[in-house]
Structures are given as structure tokens and as C-alpha cells.
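Notes follow once the structure below has been shown.
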Amino acid sequence: MTRRLRVGMVGYSFMGAAHSQAWRTAPRFFDLRLAPELTALAGRDASRAQDAAGKLGWGSVETDWRRLIERDDIDLIDICSPGNTHAEIAIAALEAGKHVLCEKPLANTVEEAEKMTAVAAEAAAHGVYSMCGFTYRRTPALALAKRMVEEGRLGTIRHVRAQYLQDWLSDADAPLTWRLDKAKSGSGSLGDIGAHSIDAAQWITGAGITGVSALMETFVKERPVGGDFVGLGGHGGMDGPRGPVTVDDAAIFTARFNGNGDGGPIGIFEATRFALGRKNAMRLELNGTLGSLAFDFEDMNVLSFYDAASGPDAGFRRIIVTEPSHPYVGNWWPTGHGLGYEHGFTHQVVDLVAAIAHGQQPAPSFSDALQVQKVLAAVEASAAADSRWQNV
Ligand code: SOE
């Protein structure tokens with residue numbers, strides 16, 4: 001009889017739906033040593049939470065997340081609510097002996113992230129584990145990129161070029177939502193999508209960012225309040241009151257990575273939700289001394305690879321990342337059939353459950369996520385100081 005892993009999830013919007021799909025699907029395509037159960041969903045609005053629980057497959061509903069932590073039929077708390085709630089919920093859950101999966105970015109401040117990391121380390125010493133949801137690590141093409149860098153296929157990495165381009169806020173009348181409220185989200189494009197680029201770049205290169213110089217911009221200073229926000233592409237064009245946007249619409253920064261003794265890669269990062277026409281272009285290019293890799297999430301089943309050993313006429317070749325030997329894909333479809341955005345969340349559950357079952361610290365840990373938080377804070381500090389260089 002496989003031991004159960006009973007989950008309580010806080011929040012049920014876009015991330016809640018993606019996480020629910022992952023908890024449901026993972027045991028159907030991967031052999032898990034623990035059997036996830038969608039035990040309870042927590043949401044403040046009872047009727048909307050009930051509707052979401054029915055649709056997403058959760059067994060019961062609570063209108064206060066604290067009840068999830070009190071319940072002895074829940075083993076893990078999955079935090080899918082805005083960033084300003086992460087620290088309180090994660091710390092309470094870990095101190096109550098419940099594992100935690102926390103959406104990214106870990107917190108809204110370095111101070112919160114440091115507290116969460118300290119509590120997580122203490123909990124791990126007692127077999128209670130935590131992970132931060134940087135799911136792009138579990139996109140097969142990026143996991144393959146990590147494997148190829150580790151195998152030395154690129155040699156020494158010289159350049160990291162990371163862009164995360166969306167355009168769902170290009171409409172000046174797209175309504176004011178929690179992602180545009182610093183008190184709730186911590187930052188705008190920087191923390192919401194730039195955090196993914198920072199984590200992926202550090203993880204794949206194996207090098208941490210040590211300093212940055214940044215520029216941030218808010219193009220649209222006020223937006224309609226109380227709008228009918230449908231998904232991420234809010235439908236604007238509304239008259240009526242407008243409220244202040246208190247976060248960045250775009251963030252760009254240069255970065256230096258630690259160098260394992262020989263100077264380390266240099267990087268250039270861009271995160272924006274105003275790149276008209278780019279829908280979810282999470283892009284990463286690495287240039288090394290032996291080769292280069294390039295990835296674009298909008299073509300997520302492909303990893304482009306330039307191998308200097310193949311000679312000057314070789315050019316970049318497209319690796320279709322659907323072979324059984326590639327990370328994760330062997331559990332899905334025959335070669336060439338491809339995966340989607342949701343599979344990164346399912347792979348996240350697979351790796352989290354495996355780590356818990358083996359009594360091992362899942363990755364990315366809260367400590368890994370704290371490093372991302374420190375980079376976010378350095379970017380904001382630099383942008384506020386005329387782009388002056390900030391050490392992380
Ligand atoms: C919105 O920009 C968003 O949903 C992010 O919050 C997610 O982390 C990213 O994966 C997709 O875009």
C-alpha cells in the first residue's frame with residue numbers, strides 16, 4: 001500500500017489550477033513512492049472556493065488557510081497565493097510539521113525570505129521539507145541544457161543572455177490586479193517573470209550572480225480598478241476610476257556571475273510584460289568556449305545547440321527534446337509529440353514527492369530561492385540609484 005501525501009492548497013487561480021493539474025496527473029504518468037491526494041483547498045470566498053474545488057478535484061474546502069495547518073489529515077501545504085502571503089503561511093506550516101511547496105518568488109522581501117529559509121533548514125533537520133516553485137527547471141529542454149553544461153559540452157560559459165517577454169499589459173486599460181500592487185506582489189515583471197530567468201540562469205550555469213546594474217520602468221502609471229479580469233490578458237477599455245500601478249512594467253539589468261576562479265560569465269537580463277507580440281517568451285542563450293545553447297519557451301520542445309567541434313559550417317542544430325533519453329519525456333508520449341507549459345508543474349510534483357519519499361532536500365530549496373530574492377533586491381536597489389552597481 002503506497003503511503004499517501006495529503007495536500008492542502010492555498011489559492012485557486014492560475015497557479016492553483018496548474019498545481020492541481022500536476023497533483024492529479026503526476027501519479028498517472030510517473031511511479032511515485034507517495035500517492036498525492038487533493039485533500040483540501042483554501043480560499044476566502046466560500047462559494048468560489050467550492051466551485052474551484054469541484055472543478056480542480058479537491059476533496060474539501062476551508063475559508064481560512066490556518067485550518068489547513070490545523071488539520072491532521074494534511075501532510076503538505078501548497079502555497080499558490082500572492083507573494084505577500086508566502087512567509088506567514090510557509091513558516092506556520094513548517095513549524096506545524098507540514099511539508100511546503102511555495103510558488104515563486106519565495107517572498108516579497110529578502111528579510112522574509114531569510115526567515116523562511118531559516119525555518120525551512122530547521123524543519124528539514126526533522127524530515128519536514130520545502131521547495132520553491134521555479135518550474136522552468138523542469139521544462140525538459142532546460143533540464144537537458146543543464147545536463148549538457150554539466151557534461152562540459154559548452155566548455156567555460158562566457159555569456160548568459162536571458163529574456164522573459166510577455167505582452168499582457170501592453171493594453172493601458174488592462175485592469176489593476178494584485179500583480180500590479182507592490183504590497184501584494186513585491187515587484188512587477190522583475191519578480192513575476194524575471195525571477196524565473198535568474199533561477200534558470202544560475203541553476204543551469206551552476207554559477208551565482210554576484211552583482212548587477214539595472215534599469216526599471218513603469219510605462220502605464222494608472223489602470224482601471226475593479227475590472228473584470230479574465231486570466232492574464234485582462235480585458236481593458238473600461239471607464240471609471242483608475243488606481244496607481246506601484247510596480248515595474250519592465251526591468252533590464254547586467255550581471256556578473258561568480259567564476260569558479262576564472263572571472264565567471266557575464267549576463268544580460270530583460271523582463272517585461274510590454275513586448276507586444278511576445279506571449280510567454282522565456283528565452284535563454286548561453287555562449288561557452290566550446291559551444292552555445294539557445295532556448296525559447298514559445299518553442300519549448302526545442303533546444304538549439306551550436307557545437308564548435310562540428311566545424312564552421314555546422315551552424316546551430318535543433319534538438320527536438322522528446323527522446324526517451326531526455327529528462328522527464330520518456331514517461332509521456334512517443335518521440336516528436338511534445339509537451340506543454342503544464343508538464344513543468346507535473347515534473348515539479350514528481351521531483352518533490354521523490355525527495356520527500358527519500359528523506360532528501362528538494363531543489364530548488366528555500367535557500368536557492370533566497371539567492372534569487374537577493375538578486376531581485378539588488379536589481380531594485382541599483383535601479384533606484386541611477387543604475388549604480390550593486391553587489392548581491
Ligand atoms: C504571469 O506573468 C505568469 O503567470 C507568471 O506569474 C508565471 O510564473 C509564469 O510561469 C507565466 O506568467
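Chain identifiers are assigned as A, B, and so on, following the order in which chains appear in the C-alpha cells; residues are numbered from 1 within each chain, and ligands are numbered from 1 in order of appearance.
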
- Message: Which residues are close to range 193-196 of chain A, i.e. within 9 Å by only C-alpha atoms, leaving aside same-chain residues fewer than 3 positions away? Reply as a list in words.
- Response: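 The residues that qualify are Lys104, Pro105, Phe134, Thr135, Tyr136, Arg137, Ala162, Gln163, Tyr164, Leu165, Gln166, Gly188, Ser189, Leu190, Asp199, Ala200, Ala201, Ala251, Phe269, Glu270, Ala271, Thr272, Arg273, Met282, Val372, Gln373, Val375 and Leu376 of chain A.
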
- Query: Hey, what does DSSP flag as helix (DSSP H, G or I) within range 83-302 of chain A? Can you give it to me as a PyMOL selection string?
  - Reply: chain A and resi 83-95+110-124+135-138+140-150+178-180+182-185+189-205+297-299

- Among listed residues A:Glu298, A:Pro327, A:Asp351, A:Ile252, nearest Pro364 in chain A (using only C-alpha atoms):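 Once distances to Pro364 in chain A are computed over only C-alpha atoms, the minimum belongs to A:Asp351.
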
- Item | 8 Å contact set for range 75-86 of chain A, only C-alpha atoms, chain neighbours under 5 positions out, as a PyMOL selection string | chain A and resi 5-13+15-16+68-69+93+97-108+178+183-186

- Return the single residue from A:Trp58, A:Phe274, A:Phe295, A:Phe257 that is closest to ligand 1, with distances computed using only C-alpha atoms and all ligand atoms.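 Ranking A:Trp58, A:Phe274, A:Phe295, A:Phe257 by distance to ligand 1, first place goes to A:Phe274.
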
- Message: Excluding Val349 in chain A and its own-chain neighbours fewer than 6 positions away, which residues fall within 8 Å of it when counting only C-alpha atoms? Please give them as a list in words.
- Response: Ala22, Trp23 and Ala26 of chain A

- Straight-line distance linking CA of Arg48 in chain A with CA of Glu62 in chain A, stated in Å to one decimal: 11.3 Å

- Message: To test your reading of the structure, identify every residue in range 157-283 of chain A that backbone DSSP assigns to strand (DSSP E or B), and report it as an MDAnalysis selection string.
- Response: chainID A and resid 157:165 209:217 222:224 242:244 250:257 266:272 281:283

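Here CA of His19 in chain A and CA of Ile204 in chain A stand 23.6 Å from one another.
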
- Query: Expressed in Å to a single decimal, how great is the separation between atom 9 (C, counted along the ligand's line) of ligand 1 and CA of Gly291 in chain A?
  - Reply: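 Computing the Euclidean distance for atom 9 (C, counted along the ligand's line) of ligand 1 and CA of Gly291 in chain A yields 28.4 Å.
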
- Message: Considering only C-alpha atoms and all ligand atoms, can you say which of A:Arg138, A:His126, A:Arg67, A:Lys374 comes closest to ligand 1?
- Response: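 Using only C-alpha atoms and all ligand atoms, the shortest distance to ligand 1 belongs to A:Arg138.
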